[in-house]
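Peer 1: Hey, dropping structure_32.csv in here, CSV, C-alpha atoms:
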chain,number,residue,atom,x,y,z
A,1,MET,CA,101.8,33.7,84.0
A,2,ASP,CA,99.4,36.6,83.4
A,3,ARG,CA,98.0,34.8,80.4
A,4,HIS,CA,97.2,31.8,82.5
A,5,ARG,CA,95.4,34.0,85.1
A,6,LEU,CA,93.4,35.7,82.4
A,7,ALA,CA,92.5,32.4,80.8
A,8,LEU,CA,91.4,31.0,84.2
A,9,GLY,CA,89.4,34.2,85.0
A,10,LEU,CA,87.7,34.0,81.6
A,11,ALA,CA,86.9,30.3,82.1
A,12,CYS,CA,85.3,31.1,85.5
A,13,VAL,CA,83.2,33.9,84.0
A,14,LEU,CA,82.0,31.7,81.2
A,15,ALA,CA,81.1,28.9,83.6
A,16,SER,CA,79.1,31.3,85.7
A,17,VAL,CA,77.2,32.7,82.7
A,18,ALA,CA,76.5,29.1,81.5
A,19,ALA,CA,75.2,28.1,84.9
A,20,LEU,CA,72.9,31.2,85.0
A,21,VAL,CA,71.6,30.5,81.5
A,22,ALA,CA,71.1,26.8,82.2
A,23,ALA,CA,69.4,27.3,85.6
A,24,PRO,CA,65.8,26.0,85.6
A,25,ALA,CA,63.1,28.6,86.0
A,26,PRO,CA,61.4,28.6,89.4
A,27,ALA,CA,58.3,26.4,89.6
A,28,SER,CA,55.1,28.4,88.8
A,29,ALA,CA,52.3,28.7,91.3
A,30,ASP,CA,49.3,26.4,91.0
A,31,PRO,CA,46.8,27.6,88.4
A,32,VAL,CA,44.0,29.7,89.6
A,33,PRO,CA,40.6,30.7,88.1
A,34,THR,CA,40.9,33.9,86.1
A,35,CYS,CA,38.5,36.5,84.6
A,36,VAL,CA,38.6,39.1,81.9
A,37,ALA,CA,36.2,42.1,82.0
A,38,GLN,CA,35.2,44.2,79.0
A,39,VAL,CA,33.1,47.3,79.1
A,40,ILE,CA,31.7,48.6,75.8
A,41,PRO,CA,30.7,52.3,76.2
A,42,PHE,CA,28.1,54.0,74.2
A,43,ALA,CA,27.4,57.0,76.4
A,44,PRO,CA,25.3,57.2,78.4
A,45,GLY,CA,25.0,53.4,78.1
A,46,PHE,CA,27.4,50.5,78.5
A,47,GLN,CA,27.5,46.8,78.0
A,48,THR,CA,29.7,44.7,80.3
A,49,PHE,CA,31.0,41.2,79.5
A,50,VAL,CA,33.0,39.1,82.0
A,51,THR,CA,34.6,35.8,81.1
A,52,VAL,CA,35.5,33.4,83.9
A,53,ASN,CA,38.0,30.7,83.1
A,54,ASN,CA,38.6,27.7,85.5
A,55,ALA,CA,42.3,26.9,84.9
A,56,THR,CA,42.4,24.6,87.9
A,57,ALA,CA,42.2,20.8,88.1
A,58,ALA,CA,39.1,21.0,90.4
A,59,PRO,CA,35.6,22.2,89.8
A,60,LEU,CA,35.0,25.9,90.6
A,61,THR,CA,32.0,26.5,92.9
A,62,GLY,CA,30.7,29.4,94.9
A,63,TRP,CA,32.3,32.0,92.7
A,64,GLN,CA,31.1,35.6,92.3
A,65,ILE,CA,32.1,38.7,90.3
A,66,THR,CA,32.2,42.0,92.2
A,67,PHE,CA,32.4,45.4,90.7
A,68,GLN,CA,32.0,49.2,91.3
A,69,LEU,CA,29.3,51.3,89.7
A,70,ALA,CA,28.3,54.9,90.1
A,71,GLY,CA,25.3,55.5,92.4
A,72,THR,CA,23.6,57.3,89.5
A,73,ALA,CA,23.9,54.2,87.2
A,74,THR,CA,21.0,52.0,86.3
A,75,ILE,CA,21.3,48.3,85.4
A,76,THR,CA,18.7,47.5,82.7
A,77,SER,CA,19.6,43.9,81.8
A,78,SER,CA,21.9,41.0,82.8
A,79,PHE,CA,22.9,37.6,81.4
A,80,GLY,CA,24.5,34.5,82.8
A,81,GLY,CA,23.7,35.4,86.4
A,82,SER,CA,21.8,37.7,88.7
A,83,ILE,CA,22.9,41.1,89.9
A,84,ALA,CA,22.8,42.4,93.5
A,85,ARG,CA,23.7,46.0,94.3
A,86,THR,CA,24.3,48.0,97.4
A,87,GLY,CA,25.2,51.6,96.8
A,88,SER,CA,28.1,51.7,94.4
A,89,SER,CA,29.1,48.0,94.9
A,90,GLY,CA,27.7,45.2,92.8
A,91,THR,CA,27.9,41.4,92.7
A,92,ILE,CA,27.1,39.0,89.9
A,93,THR,CA,26.1,35.5,91.2
A,94,PRO,CA,26.2,33.0,88.3
A,95,ALA,CA,23.1,31.3,87.1
A,96,VAL,CA,22.6,27.7,88.1
A,97,TYR,CA,24.0,26.5,84.7
A,98,PHE,CA,27.3,28.3,85.5
A,99,ALA,CA,27.3,27.7,89.3
A,100,THR,CA,29.9,24.9,88.9
A,101,LEU,CA,32.6,25.3,86.3
A,102,ARG,CA,34.5,22.1,85.4
A,103,PRO,CA,38.3,22.1,85.1
A,104,GLY,CA,39.0,24.0,81.9
A,105,GLY,CA,35.5,25.4,81.8
A,106,GLN,CA,34.4,28.9,81.0
A,107,ALA,CA,31.4,31.1,81.9
A,108,ASN,CA,30.2,34.4,80.3
A,109,VAL,CA,28.2,36.8,82.5
A,110,GLY,CA,27.5,40.5,82.3
A,111,PHE,CA,25.0,43.3,82.2
A,112,GLY,CA,23.9,46.4,80.5
A,113,GLY,CA,23.0,49.8,81.8
A,114,SER,CA,23.5,53.5,81.7
A,115,ALA,CA,24.7,56.4,83.9
A,116,VAL,CA,24.3,60.1,83.8
A,117,PRO,CA,26.8,61.6,84.0
A,118,PHE,CA,28.4,58.8,82.1
A,119,THR,CA,30.4,56.6,84.4
A,120,PRO,CA,31.1,53.0,83.3
A,121,PRO,CA,31.5,50.2,85.9
A,122,THR,CA,35.0,49.4,87.1
A,123,GLY,CA,37.0,47.2,89.6
A,124,PHE,CA,35.8,43.8,88.4
A,125,ALA,CA,37.1,40.9,90.5
A,126,LEU,CA,36.5,37.1,90.8
A,127,ASN,CA,36.3,36.1,94.4
A,128,GLY,CA,38.4,39.1,95.3
A,129,LEU,CA,41.1,38.6,92.6
A,130,PRO,CA,41.2,41.4,90.0
A,131,CYS,CA,40.0,40.7,86.5
A,132,ALA,CA,42.1,41.6,83.5
A,133,ALA,CA,40.7,44.3,81.3
A,134,ALA,CA,39.9,43.7,77.7
A,135,GLY,CA,39.9,46.5,75.1
A,136,TRP,CA,37.1,47.1,72.7
Translate the structure described by the file into structure tokens.

Peer 2:
Amino acid sequence: MDRHRLALGLACVLASVAALVAAPAPASADPVPTCVAQVIPFAPGFQTFVTVNNATAAPLTGWQITFQLAGTATITSSFGGSIARTGSSGTITPAVYFATLRPGGQANVGFGGSAVPFTPPTGFALNGLPCAAAGW
């Protein structure tokens, strides 16, 4: 009788494990636009590159990149958009040719500058969602 209970218990455990392994993964959230920011330092200067990817099925419009930059920093050049700055907060607004990103589209924006003491920009975000950081 004990062998039957052991066999029945083992069968229940195996069935439970099989059910867990075979369970479908939860549905993922809808795709969202993403960004990756890369800062290349060459103290006291830096060059910043931000790639925006529209992973959605709809055009992306009205997007901006925000970032933080030391008050002592100077922005000397930009590409792919225009820079606005108030104190230590900055915003990149895309150029007209990047203003609407088609589904699957990509835009590259950025800027160069310097800061003494050396403090590179940080805290990049696309419409409030943090950008991933890329190494150099």

Peer 1: Dump as a compact mmCIF listing (two decimals) with C-alpha atoms, keeping the file's coordinate frame all residues having an atom at most 12 Å from (32.6, 30.2, 95.7), computed in the file's coordinates with all atoms listed in the file.

Peer 2:
# COMPACT_ATOMS: atom_id res chain seq x y z
CA PRO A 33 40.60 30.70 88.10
CA PRO A 59 35.60 22.20 89.80
CA LEU A 60 35.00 25.90 90.60
CA THR A 61 32.00 26.50 92.90
CA GLY A 62 30.70 29.40 94.90
CA TRP A 63 32.30 32.00 92.70
CA GLN A 64 31.10 35.60 92.30
CA ILE A 65 32.10 38.70 90.30
CA ILE A 92 27.10 39.00 89.90
CA THR A 93 26.10 35.50 91.20
CA PRO A 94 26.20 33.00 88.30
CA PHE A 98 27.30 28.30 85.50
CA ALA A 99 27.30 27.70 89.30
CA THR A 100 29.90 24.90 88.90
CA LEU A 101 32.60 25.30 86.30
CA LEU A 126 36.50 37.10 90.80
CA ASN A 127 36.30 36.10 94.40
CA GLY A 128 38.40 39.10 95.30

Peer 1: Given all atoms listed in the file as the basis, pick out the residue of A:Ala57, A:Ala125, A:Ala95, A:Gln38 nearest to Ala107 in chain A.

Peer 2: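 Result for the nearest residue to Ala107 in chain A: A:Ala95.
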
Peer 1: Go ahead and compute the interatomic distance for CA of Ala84 in chain A and CA of Gly105 in chain A, in Å to one decimal.

Peer 2: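 Between these atoms lies a distance of 24.2 Å.
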
Peer 1: Rank nothing, just name the residue among A:Thr122, A:Asn108, A:Ser114, A:Asn54 nearest to Gly90 in chain A, using all atoms listed in the file.

Peer 2: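 Smallest separation from Gly90 in chain A among the options: A:Thr122.
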
Peer 1: Might you pull out every residue within 8 Å of Val109 in chain A, with all atoms listed in the file counted and same-chain residues fewer than 6 positions away left off, and present them as a ChimeraX atom specification?

Peer 2: /A:49-51,78-81,92,94

Peer 1: Could you name the residues that touch Val32 in chain A at 8 Å or less, counting only C-alpha atoms, but leaving out those on the same chain fewer than 2 positions away, as JSON, numbers by chain?

Peer 2: {"A": [30, 34, 54, 55, 56]}

Peer 1: Determine, counting all atoms listed in the file, which protein, DNA and RNA residues have an atom within 9 Å of an atom of Phe118 in chain A; residues of the same chain fewer than 4 positions away are not included. Present the result as a list of chain:residue names.

Peer 2: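 The residues satisfying every condition are A:Ala43, A:Pro44, A:Gly45, A:Ala70, A:Thr72, A:Ala73, A:Ser114.
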
Peer 1: Could you state the separation of CA of Val36 in chain A and CA of Thr86 in chain A in Å, given to one decimal place?

Peer 2: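 We find that CA of Val36 in chain A and CA of Thr86 in chain A lie 22.9 Å from each other.
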
Peer 1: In Å, with one decimal, what is the gap from CA of Gln106 in chain A to CA of Pro121 in chain A?

Peer 2: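 For CA of Gln106 in chain A relative to CA of Pro121 in chain A, the distance reads 22.0 Å.
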
Peer 1: Fewer than 2 positions away in the same chain doesn't count, so skip those; otherwise give me all residues within 7 Å of Thr48 in chain A, counting only C-alpha atoms, as a ChimeraX atom specification.

Peer 2: /A:38-40,46,50,110-112

Peer 1: For the selection you just gave me, I'd like the residues written to a file as a PDB file, in the frame of the given file, keeping C-alpha atoms.

Peer 2:
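See result_9.pdb below for the written result:
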ATOM      1  CA  GLN A  38      35.200  44.200  79.000  1.00  0.00           C
ATOM      2  CA  VAL A  39      33.100  47.300  79.100  1.00  0.00           C
ATOM      3  CA  ILE A  40      31.700  48.600  75.800  1.00  0.00           C
ATOM      4  CA  PHE A  46      27.400  50.500  78.500  1.00  0.00           C
ATOM      5  CA  VAL A  50      33.000  39.100  82.000  1.00  0.00           C
ATOM      6  CA  GLY A 110      27.500  40.500  82.300  1.00  0.00           C
ATOM      7  CA  PHE A 111      25.000  43.300  82.200  1.00  0.00           C
ATOM      8  CA  GLY A 112      23.900  46.400  80.500  1.00  0.00           C
TER       9      GLY A 112
END

Peer 1: Looking at A:Ala134, A:Ile75, A:Leu69, A:Ile83, which one is nearest to Thr119 in chain A, with distances taken over all atoms listed in the file?

Peer 2: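 Of A:Ala134, A:Ile75, A:Leu69, A:Ile83, the one nearest Thr119 in chain A is A:Leu69, counting all atoms listed in the file.
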
Peer 1: Would you please work out which residue, of A:Ala133, A:Ala29, A:Ala115, A:Cys35, is nearest to Thr76 in chain A when using all atoms listed in the file?

Peer 2: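 Ranked by minimum distance to Thr76 in chain A, first place goes to A:Ala115.
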